[in-house]
>>> print(open('query_22.txt').read())   # compact mmCIF, C-alpha atoms
# COMPACT_ATOMS: atom_id res chain seq x y z
CA MET D 1 26.66 -10.86 -32.73
CA SER D 2 25.28 -8.71 -35.53
CA SER D 3 24.67 -5.07 -34.73
CA SER D 4 21.10 -5.24 -36.06
CA ARG D 5 20.37 -7.96 -33.55
CA ALA D 6 21.87 -5.86 -30.76
CA SER D 7 19.75 -2.93 -31.79
CA THR D 8 16.59 -5.09 -31.86
CA TRP D 9 17.30 -6.25 -28.32
CA ASN D 10 17.99 -2.70 -27.18
CA LYS D 11 14.61 -1.70 -28.56
CA LEU D 12 12.88 -4.66 -26.89
CA GLY D 13 14.52 -3.60 -23.62
CA ASP D 14 13.31 -0.02 -23.97
CA ALA D 15 9.79 -1.15 -24.87
CA ALA D 16 9.58 -3.60 -21.95
CA TYR D 17 10.88 -0.92 -19.57
CA SER D 18 8.38 1.66 -20.72
CA LYS D 19 5.53 -0.90 -20.50
CA SER D 20 6.41 -1.97 -16.94
CA GLU D 21 4.90 -0.53 -13.80
CA LYS D 22 7.75 1.24 -12.07
CA VAL D 23 8.68 2.57 -8.67
CA SER D 24 11.35 5.05 -7.61
CA ALA D 25 14.89 3.71 -7.57
CA ASP D 26 15.62 5.77 -4.44
CA LEU D 27 12.95 3.98 -2.45
CA VAL D 28 14.26 0.66 -3.73
CA ALA D 29 17.87 1.47 -2.85
CA LEU D 30 16.91 2.36 0.73
CA THR D 31 14.64 -0.68 1.10
CA TYR D 32 17.30 -3.01 -0.29
CA GLY D 33 19.77 -1.45 2.17
CA SER D 34 17.48 -2.33 5.10
CA PHE D 35 17.11 -5.80 3.66
CA VAL D 36 20.87 -6.39 3.48
CA ARG D 37 21.31 -5.08 7.04
CA GLU D 38 18.68 -7.58 8.17
CA ILE D 39 20.55 -10.46 6.49
CA ILE D 40 23.82 -9.26 8.04
CA LYS D 41 22.15 -9.27 11.47
CA ASP D 42 21.08 -12.88 10.88
CA TYR D 43 24.18 -14.36 9.32
CA GLU D 44 27.03 -12.04 10.43
CA GLU D 45 29.78 -13.83 8.45
CA PRO D 46 30.12 -12.01 5.10
CA ASP D 47 30.48 -15.33 3.23
CA GLN D 48 27.20 -16.52 4.68
CA VAL D 49 25.53 -13.20 3.92
CA ASN D 50 26.73 -13.40 0.30
CA LYS D 51 25.36 -16.96 -0.01
CA GLU D 52 22.03 -15.98 1.48
CA LEU D 53 21.66 -12.97 -0.83
CA GLU D 54 22.42 -15.23 -3.82
CA LYS D 55 19.86 -17.79 -2.64
CA LEU D 56 17.17 -15.14 -2.18
CA GLY D 57 17.99 -13.82 -5.64
CA TYR D 58 17.67 -17.34 -7.09
CA ASN D 59 14.14 -17.61 -5.68
CA ILE D 60 13.28 -14.26 -7.22
CA GLY D 61 14.82 -15.22 -10.59
CA ILE D 62 12.82 -18.41 -10.98
CA ARG D 63 9.64 -16.34 -10.60
CA LEU D 64 10.73 -13.28 -12.54
CA ILE D 65 11.56 -15.17 -15.76
CA GLU D 66 7.90 -15.75 -16.57
CA ASP D 67 7.18 -12.05 -16.34
CA PHE D 68 10.27 -11.35 -18.41
CA LEU D 69 9.33 -13.71 -21.25
CA ALA D 70 5.76 -12.44 -21.28
CA LYS D 71 6.59 -8.72 -21.26
CA SER D 72 9.75 -8.67 -23.38
CA GLY D 73 8.32 -10.65 -26.28
CA ILE D 74 11.45 -12.82 -26.31
CA GLY D 75 11.05 -16.55 -26.81
CA ASN D 76 13.40 -18.97 -25.10
CA CYS D 77 17.08 -18.19 -25.55
CA SER D 78 18.71 -20.57 -27.99
CA SER D 79 22.29 -20.32 -26.76
CA PHE D 80 24.36 -19.14 -23.84
CA GLU D 81 25.90 -16.38 -25.95
CA GLU D 82 22.49 -15.04 -26.94
CA SER D 83 21.24 -15.28 -23.34
CA ALA D 84 24.07 -13.12 -22.04
CA GLU D 85 23.24 -10.39 -24.56
CA ILE D 86 19.53 -10.58 -23.76
CA ILE D 87 20.21 -10.31 -20.02
CA SER D 88 22.27 -7.17 -20.45
CA ARG D 89 20.32 -5.46 -23.24
CA VAL D 90 16.76 -6.44 -22.33
CA ALA D 91 16.49 -7.75 -18.76
CA PHE D 92 18.77 -5.20 -17.05
CA LYS D 93 16.91 -2.41 -18.83
CA MET D 94 13.47 -3.84 -18.13
CA PHE D 95 13.99 -4.50 -14.42
CA LEU D 96 16.66 -2.03 -13.28
CA GLY D 97 16.28 0.72 -15.85
CA ILE D 98 19.95 0.45 -16.88
CA ARG D 99 21.72 -1.17 -19.80
CA ALA D 100 24.69 -3.45 -19.19
CA THR D 101 27.26 -4.68 -21.68
CA VAL D 102 28.67 -8.15 -22.26
CA SER D 103 32.43 -8.49 -22.45
CA ASN D 104 35.41 -10.68 -21.57
CA TRP D 105 34.31 -13.72 -23.55
CA ASN D 106 36.82 -16.53 -23.18
CA SER D 107 37.98 -18.42 -26.28
CA GLU D 108 35.55 -21.33 -25.70
CA TYR D 109 32.63 -18.88 -25.47
CA ASN D 110 31.44 -20.46 -22.23
CA SER D 111 32.28 -17.59 -19.91
CA CYS D 112 31.71 -13.85 -20.11
CA SER D 113 31.07 -10.80 -17.97
CA ILE D 114 28.09 -8.52 -17.60
CA VAL D 115 29.39 -5.05 -16.90
CA PHE D 116 27.40 -2.03 -15.67
CA ASP D 117 28.43 1.35 -14.32
CA GLU D 118 25.27 2.38 -12.55
CA ASN D 119 23.84 0.11 -9.88
CA PRO D 120 20.45 1.29 -8.60
CA LEU D 121 20.65 -1.12 -5.64
CA ALA D 122 23.83 0.46 -4.33
CA GLU D 123 22.84 4.15 -4.40
CA TYR D 124 23.57 5.94 -1.10
CA VAL D 125 25.58 2.95 0.15
CA GLU D 126 28.92 3.12 1.85
CA LEU D 127 30.16 -0.17 3.24
CA PRO D 128 31.66 -0.18 6.73
CA PRO D 129 35.42 -0.94 6.50
CA GLU D 130 35.04 -4.48 7.87
CA TYR D 131 32.78 -5.38 4.96
CA THR D 132 34.47 -3.53 2.10
CA HIS D 133 36.44 -6.53 0.88
CA SER D 134 34.16 -9.34 1.92
CA LEU D 135 30.52 -8.36 1.39
CA LEU D 136 29.03 -8.79 -2.08
CA TYR D 137 26.34 -6.19 -1.47
CA SER D 138 24.41 -6.75 -4.70
CA ASN D 139 24.90 -10.52 -4.82
CA ILE D 140 21.13 -10.91 -5.10
CA LEU D 141 21.63 -10.09 -8.81
CA CYS D 142 23.85 -13.17 -9.30
CA GLY D 143 21.08 -15.29 -7.84
CA VAL D 144 18.40 -13.68 -10.00
CA ILE D 145 20.42 -14.41 -13.17
CA ARG D 146 21.16 -18.01 -12.14
CA GLY D 147 17.52 -18.70 -11.18
CA ALA D 148 16.05 -17.12 -14.30
CA LEU D 149 18.43 -18.97 -16.67
CA GLU D 150 17.78 -22.28 -14.93
CA MET D 151 14.10 -21.94 -15.82
CA VAL D 152 15.07 -21.80 -19.51
CA GLN D 153 17.29 -24.89 -19.08
CA ILE D 154 20.59 -23.00 -18.90
CA ILE D 155 22.75 -23.82 -15.88
CA VAL D 156 25.32 -21.19 -14.98
CA GLU D 157 27.48 -19.99 -12.11
CA CYS D 158 27.59 -16.25 -11.42
CA GLN D 159 30.09 -14.29 -9.42
CA PHE D 160 30.47 -10.60 -8.59
CA VAL D 161 34.07 -9.84 -9.57
CA LYS D 162 34.05 -6.04 -9.57
CA ASP D 163 31.98 -3.73 -7.40
CA GLN D 164 32.14 0.07 -7.27
CA LEU D 165 31.33 -0.18 -3.56
CA ARG D 166 34.79 -1.74 -3.16
CA GLY D 167 36.40 1.03 -5.15
CA ASP D 168 36.45 -0.86 -8.48
CA ASP D 169 36.03 1.20 -11.64
CA THR D 170 32.82 -0.61 -12.60
CA ASN D 171 30.48 -3.44 -11.61
CA GLU D 172 31.08 -6.83 -13.20
CA ILE D 173 29.30 -10.15 -12.86
CA LYS D 174 31.15 -13.13 -14.32
CA ILE D 175 28.90 -15.84 -15.76
CA ARG D 176 30.21 -19.33 -16.43
CA PHE D 177 28.12 -21.69 -18.55
CA LYS D 178 27.85 -25.16 -16.99
CA GLU D 179 25.32 -27.10 -19.04
CA MET D 180 22.18 -26.92 -21.11
CA LEU D 181 19.46 -29.13 -19.64
CA GLN D 182 17.43 -31.29 -21.99
CA GLU D 183 13.72 -30.56 -22.03
CA GLN D 184 12.07 -33.35 -20.05
CA VAL D 185 10.45 -35.75 -22.50
CA PRO D 186 7.62 -37.66 -20.81
CA TRP D 187 8.60 -41.28 -20.45
CA ASN D 188 6.35 -43.58 -22.36
CA ASP D 189 6.23 -47.16 -21.10
CA GLU D 190 4.48 -48.40 -24.26
CA GLU D 191 7.61 -48.12 -26.39
CA MET Y 1 -8.57 22.27 -0.21
CA SER Y 2 -9.00 24.17 -3.47
CA SER Y 3 -9.11 22.12 -6.64
CA SER Y 4 -6.42 24.26 -8.27
CA ARG Y 5 -4.07 23.39 -5.44
CA ALA Y 6 -4.90 19.71 -5.83
CA SER Y 7 -4.18 19.92 -9.52
CA THR Y 8 -0.84 21.69 -8.87
CA TRP Y 9 0.18 18.89 -6.52
CA ASN Y 10 -0.92 16.25 -9.01
CA LYS Y 11 1.31 17.89 -11.61
CA LEU Y 12 4.24 18.11 -9.18
CA GLY Y 13 3.76 14.40 -8.46
CA ASP Y 14 3.78 13.52 -12.16
CA ALA Y 15 6.85 15.66 -12.79
CA ALA Y 16 8.79 14.20 -9.85
CA TYR Y 17 7.85 10.67 -10.96
CA SER Y 18 8.98 11.23 -14.52
CA LYS Y 19 12.24 12.82 -13.32
CA SER Y 20 13.08 9.95 -10.95
CA GLU Y 21 15.26 6.99 -11.81
CA LYS Y 22 12.93 4.01 -11.74
CA VAL Y 23 13.06 0.26 -11.50
CA SER Y 24 10.46 -2.37 -12.31
CA ALA Y 25 7.68 -2.77 -9.77
CA ASP Y 26 7.72 -6.55 -10.35
CA LEU Y 27 11.31 -6.84 -9.19
CA VAL Y 28 10.51 -4.67 -6.19
CA ALA Y 29 7.43 -6.70 -5.25
CA LEU Y 30 9.41 -9.94 -5.29
CA THR Y 31 12.34 -8.41 -3.40
CA TYR Y 32 10.03 -6.91 -0.77
CA GLY Y 33 8.40 -10.33 -0.44
CA SER Y 34 11.78 -11.93 0.35
CA PHE Y 35 12.43 -9.13 2.79
CA VAL Y 36 9.18 -9.69 4.68
CA ARG Y 37 9.82 -13.45 4.80
CA GLU Y 38 13.23 -12.72 6.33
CA ILE Y 39 11.64 -10.53 9.03
CA ILE Y 40 9.04 -13.21 9.72
CA LYS Y 41 11.83 -15.78 10.13
CA ASP Y 42 13.48 -13.49 12.70
CA TYR Y 43 10.50 -12.29 14.70
CA GLU Y 44 7.80 -14.95 14.11
CA GLU Y 45 5.07 -13.17 16.11
CA PRO Y 46 3.02 -11.09 13.64
CA ASP Y 47 2.83 -8.16 16.09
CA GLN Y 48 6.61 -8.10 16.32
CA VAL Y 49 6.94 -8.40 12.54
CA ASN Y 50 4.56 -5.46 12.09
CA LYS Y 51 6.56 -3.36 14.56
CA GLU Y 52 9.85 -4.23 12.89
CA LEU Y 53 8.52 -3.36 9.41
CA GLU Y 54 7.29 -0.03 10.76
CA LYS Y 55 10.67 0.66 12.37
CA LEU Y 56 12.56 -0.16 9.18
CA GLY Y 57 10.18 2.11 7.28
CA TYR Y 58 10.81 4.92 9.78
CA ASN Y 59 14.54 4.71 9.10
CA ILE Y 60 13.86 4.86 5.37
CA GLY Y 61 11.46 7.80 5.76
CA ILE Y 62 13.90 9.99 7.66
CA ARG Y 63 16.36 9.62 4.75
CA LEU Y 64 13.84 9.75 1.91
CA ILE Y 65 12.38 13.13 2.90
CA GLU Y 66 15.47 15.01 1.75
CA ASP Y 67 15.25 13.43 -1.69
CA PHE Y 68 11.53 14.17 -1.73
CA LEU Y 69 11.88 17.87 -0.92
CA ALA Y 70 14.74 18.27 -3.42
CA LYS Y 71 13.03 16.50 -6.33
CA SER Y 72 9.43 17.53 -5.80
CA GLY Y 73 10.08 21.25 -5.52
CA ILE Y 74 7.86 21.39 -2.45
CA GLY Y 75 8.98 23.47 0.51
CA ASN Y 76 8.16 22.40 4.05
CA CYS Y 77 4.52 21.52 4.67
CA SER Y 78 2.78 24.22 6.61
CA SER Y 79 0.00 22.14 8.14
CA PHE Y 80 -1.04 18.58 8.79
CA GLU Y 81 -3.91 18.87 6.33
CA GLU Y 82 -1.61 20.04 3.55
CA SER Y 83 0.92 17.33 4.39
CA ALA Y 84 -1.65 14.59 3.98
CA GLU Y 85 -2.58 15.85 0.52
CA ILE Y 86 1.06 16.17 -0.49
CA ILE Y 87 1.82 12.62 0.68
CA SER Y 88 -0.98 11.16 -1.41
CA ARG Y 89 -0.76 13.38 -4.50
CA VAL Y 90 3.00 13.90 -4.73
CA ALA Y 91 4.94 11.39 -2.61
CA PHE Y 92 2.91 8.26 -3.43
CA LYS Y 93 3.16 9.11 -7.12
CA MET Y 94 6.87 9.95 -6.98
CA PHE Y 95 7.98 6.87 -5.06
CA LEU Y 96 5.40 4.18 -5.84
CA GLY Y 97 4.06 5.37 -9.18
CA ILE Y 98 0.48 5.46 -7.85
CA ARG Y 99 -1.78 8.23 -6.64
CA ALA Y 100 -3.61 7.89 -3.34
CA THR Y 101 -6.52 9.94 -2.04
CA VAL Y 102 -7.11 11.53 1.34
CA SER Y 103 -10.43 10.88 3.03
CA ASN Y 104 -12.18 10.29 6.34
CA TRP Y 105 -11.18 13.57 7.97
CA ASN Y 106 -12.54 13.81 11.49
CA SER Y 107 -14.25 16.97 12.62
CA GLU Y 108 -11.11 18.31 14.41
CA TYR Y 109 -9.07 17.83 11.23
CA ASN Y 110 -6.38 15.95 13.13
CA SER Y 111 -6.99 12.50 11.68
CA CYS Y 112 -7.52 11.28 8.14
CA SER Y 113 -6.92 8.29 5.89
CA ILE Y 114 -4.71 7.77 2.88
CA VAL Y 115 -6.50 5.38 0.55
CA PHE Y 116 -5.04 3.54 -2.45
CA ASP Y 117 -6.31 0.70 -4.59
CA GLU Y 118 -3.09 -0.48 -6.16
CA ASN Y 119 -0.22 -1.50 -3.92
CA PRO Y 120 2.97 -2.25 -5.84
CA LEU Y 121 4.55 -3.88 -2.77
CA ALA Y 122 1.81 -6.49 -2.53
CA GLU Y 123 1.73 -7.71 -6.15
CA TYR Y 124 1.90 -11.52 -6.41
CA VAL Y 125 1.34 -11.88 -2.67
CA GLU Y 126 -1.04 -14.28 -1.03
CA LEU Y 127 -0.76 -14.43 2.75
CA PRO Y 128 -0.76 -17.85 4.40
CA PRO Y 129 -3.99 -18.27 6.44
CA GLU Y 130 -2.21 -17.91 9.80
CA TYR Y 131 -1.09 -14.41 8.80
CA THR Y 132 -4.16 -13.13 7.00
CA HIS Y 133 -5.60 -11.31 9.98
CA SER Y 134 -2.45 -10.46 11.86
CA LEU Y 135 0.32 -9.49 9.46
CA LEU Y 136 0.43 -5.89 8.21
CA TYR Y 137 2.38 -6.84 5.11
CA SER Y 138 3.01 -3.30 3.85
CA ASN Y 139 3.49 -1.74 7.29
CA ILE Y 140 6.84 -0.37 6.10
CA LEU Y 141 4.76 2.39 4.45
CA CYS Y 142 3.41 3.54 7.83
CA GLY Y 143 6.97 3.85 9.06
CA VAL Y 144 8.10 5.75 5.97
CA ILE Y 145 5.30 8.31 6.43
CA ARG Y 146 5.96 8.72 10.16
CA GLY Y 147 9.72 9.09 9.63
CA ALA Y 148 9.44 11.54 6.76
CA LEU Y 149 6.91 13.76 8.57
CA GLU Y 150 8.99 13.78 11.73
CA MET Y 151 11.83 15.36 9.74
CA VAL Y 152 9.53 18.27 8.88
CA GLN Y 153 8.52 18.62 12.56
CA ILE Y 154 5.17 16.85 12.25
CA ILE Y 155 4.63 14.02 14.70
CA VAL Y 156 2.01 11.48 13.66
CA GLU Y 157 0.87 7.93 14.33
CA CYS Y 158 0.08 5.73 11.33
CA GLN Y 159 -1.90 2.53 11.17
CA PHE Y 160 -2.86 0.20 8.35
CA VAL Y 161 -6.62 -0.19 8.77
CA LYS Y 162 -7.59 -1.78 5.45
CA ASP Y 163 -5.52 -4.12 3.31
CA GLN Y 164 -6.59 -5.85 0.11
CA LEU Y 165 -4.39 -8.80 1.14
CA ARG Y 166 -6.89 -9.36 3.95
CA GLY Y 167 -9.80 -9.17 1.57
CA ASP Y 168 -10.63 -5.51 2.21
CA ASP Y 169 -11.99 -3.50 -0.73
CA THR Y 170 -9.05 -1.08 -0.68
CA ASN Y 171 -5.86 -0.18 1.20
CA GLU Y 172 -6.13 2.46 3.90
CA ILE Y 173 -3.57 4.01 6.21
CA LYS Y 174 -5.00 6.06 9.06
CA ILE Y 175 -2.86 9.02 10.13
CA ARG Y 176 -3.36 10.73 13.47
CA PHE Y 177 -1.73 14.09 14.09
CA LYS Y 178 0.00 14.24 17.48
CA GLU Y 179 1.97 17.48 17.58
CA MET Y 180 3.93 20.02 15.60
CA LEU Y 181 7.49 20.35 16.94
CA GLN Y 182 9.00 23.78 17.35
CA GLU Y 183 12.13 24.43 15.31
CA GLN Y 184 15.06 24.16 17.75
CA VAL Y 185 16.35 27.61 18.59
CA PRO Y 186 20.01 27.48 19.69
CA TRP Y 187 20.30 28.28 23.37
CA ASN Y 188 22.36 31.34 24.08
CA ASP Y 189 23.93 31.54 27.55
CA GLU Y 190 24.69 35.29 27.23
CA GLU Y 191 21.07 36.27 27.72
>>> encode(input="query_22.txt", output="structure tokens")
Amino acid sequence: MSSSRASTWNKLGDAAYSKSEKVSADLVALTYGSFVREIIKDYEEPDQVNKELEKLGYNIGIRLIEDFLAKSGIGNCSSFEESAEIISRVAFKMFLGIRATVSNWNSEYNSCSIVFDENPLAEYVELPPEYTHSLLYSNILCGVIRGALEMVQIIVECQFVKDQLRGDDTNEIKIRFKEMLQEQVPWNDEE
Amino acid sequence: MSSSRASTWNKLGDAAYSKSEKVSADLVALTYGSFVREIIKDYEEPDQVNKELEKLGYNIGIRLIEDFLAKSGIGNCSSFEESAEIISRVAFKMFLGIRATVSNWNSEYNSCSIVFDENPLAEYVELPPEYTHSLLYSNILCGVIRGALEMVQIIVECQFVKDQLRGDDTNEIKIRFKEMLQEQVPWNDEE
């Protein structure tokens, strides 16, 4: 990716962030904490909790993409590679106020990682020991990314592979490209 | 209240808001929406849902007050009247990015309303008809106010009395002062 492109996206991210209505990250961190506790109360099993958080994120992502395209000034993403950069340079900045970086591309360029050191959702959080190695506290973000990309025809799988709440040095979401959907062409029974 | 005091608080609110880490209100509105749906799934009865939202807010408020006092530069509130102004001019701005106004003081000055036209939590929301007149969608805010004030020794009751989601012209939280707690003096068995 050219550095001028990266800098354009960074600027779009900053502009979209400054244009957005914003609320305090502290309030959000505490509210998200209550939210996760509620899901834990309902599902107990960490695997189930992780799935539920991802699903809720997916439902948020499919709605958030419209707002993202409208406010960021970005048209549809033309490739998976470009999408990953736009997520980290524009979307992370616009919605979470932080910039992430893309790394760990595999040789086929169909898998990469989105890496970020600050996680506004996880401020103030300390996981109880029984959840440290099983709960993906911020898994809602994986769902948001999957849902949003699906709405621009890009099917991916996302997985939290590093989490500072578990003592990792950073936060890392692995994204694997699955397929690009074809735009639905209306079927014409005259031809 | 003198207008110079009001203007000082407005400035403190602006400063605390600009100092705070912030995230997009759109993301928060959608996440809060998922959160409320989860509580509805668990408690079904609107009255129970309202109570639970208030309780969750209370737990957030008792933690948020520390952050508020540290970042706003405001010492403890000396009276209920002053507290109400500080909540609407400083805390609403700092945490939600909006300014509220205090009105409807009763003649004893122990009850007033906090009124606000924009509600970032309720963006995009349309209540299903069966909840329009029973669900207090943003009742978490009542809990936050009650919890935060309790930590500065002020006991209040809060109630959402107007909500634009119900078709009201504005949003209004009624606050009733109950009592001012005495600071706990350690008991000394020598005397």
>>> closest_atom_pairs(input="query_22.txt", of="chain Y", to="chain D", cutoff="6 Å", atoms="all atoms listed in the file", output="Markdown table")
| residue | atom | partner | partner_atom | distance |
| --- | --- | --- | --- | --- |
| Y:Glu21 | CA | D:Ala25 | CA | 5.4 |
| Y:Lys22 | CA | D:Ser24 | CA | 4.5 |
| Y:Val23 | CA | D:Leu96 | CA | 4.6 |
| Y:Ser24 | CA | D:Lys22 | CA | 4.5 |
| Y:Ala25 | CA | D:Lys22 | CA | 4.6 |
| Y:Phe35 | CA | D:Phe35 | CA | 5.8 |
| Y:Phe95 | CA | D:Ser24 | CA | 4.6 |
| Y:Leu96 | CA | D:Val23 | CA | 4.6 |
| Y:Gly97 | CA | D:Val23 | CA | 5.4 |
>>> atom_distance(input="query_22.txt", atom1="atom CA of Y:Phe80", atom2="atom CA of Y:Val161")
19.6 Å
>>> atom_distance(input="query_22.txt", atom1="atom CA of D:Asn119", atom2="atom CA of Y:Val49")
29.3 Å
>>> residues_around(input="query_22.txt", residues="Y:Ile154", least_positions_apart="5", cutoff="7 Å", atoms="only C-alpha atoms", output="PDB file with C-alpha atoms, keeping the file's coordinate frame")
ATOM      1  CA  LEU Y 149       6.910  13.760   8.570  1.00  0.00           C
ATOM      2  CA  GLU Y 179       1.970  17.480  17.580  1.00  0.00           C
ATOM      3  CA  MET Y 180       3.930  20.020  15.600  1.00  0.00           C
ATOM      4  CA  LEU Y 181       7.490  20.350  16.940  1.00  0.00           C
TER       5      LEU Y 181
END
>>> atom_distance(input="query_22.txt", atom1="atom CA of Y:Leu165", atom2="atom CA of Y:Leu135")
9.6 Å
>>> closest_residue(input="query_22.txt", among="D:Ser4, D:Ser111, D:Gln153, D:Thr170", to="D:Ile65", atoms="only C-alpha atoms")
D:Gln153
>>> closest_residue(input="query_22.txt", among="D:Val90, D:Ala100, D:Ala6, D:Val115", to="D:Asp169", atoms="all atoms listed in the file")
D:Val115
>>> closest_residue(input="query_22.txt", among="D:Ala84, D:Lys174, D:Asn110, D:Arg166", to="D:Tyr131", atoms="only C-alpha atoms")
D:Arg166
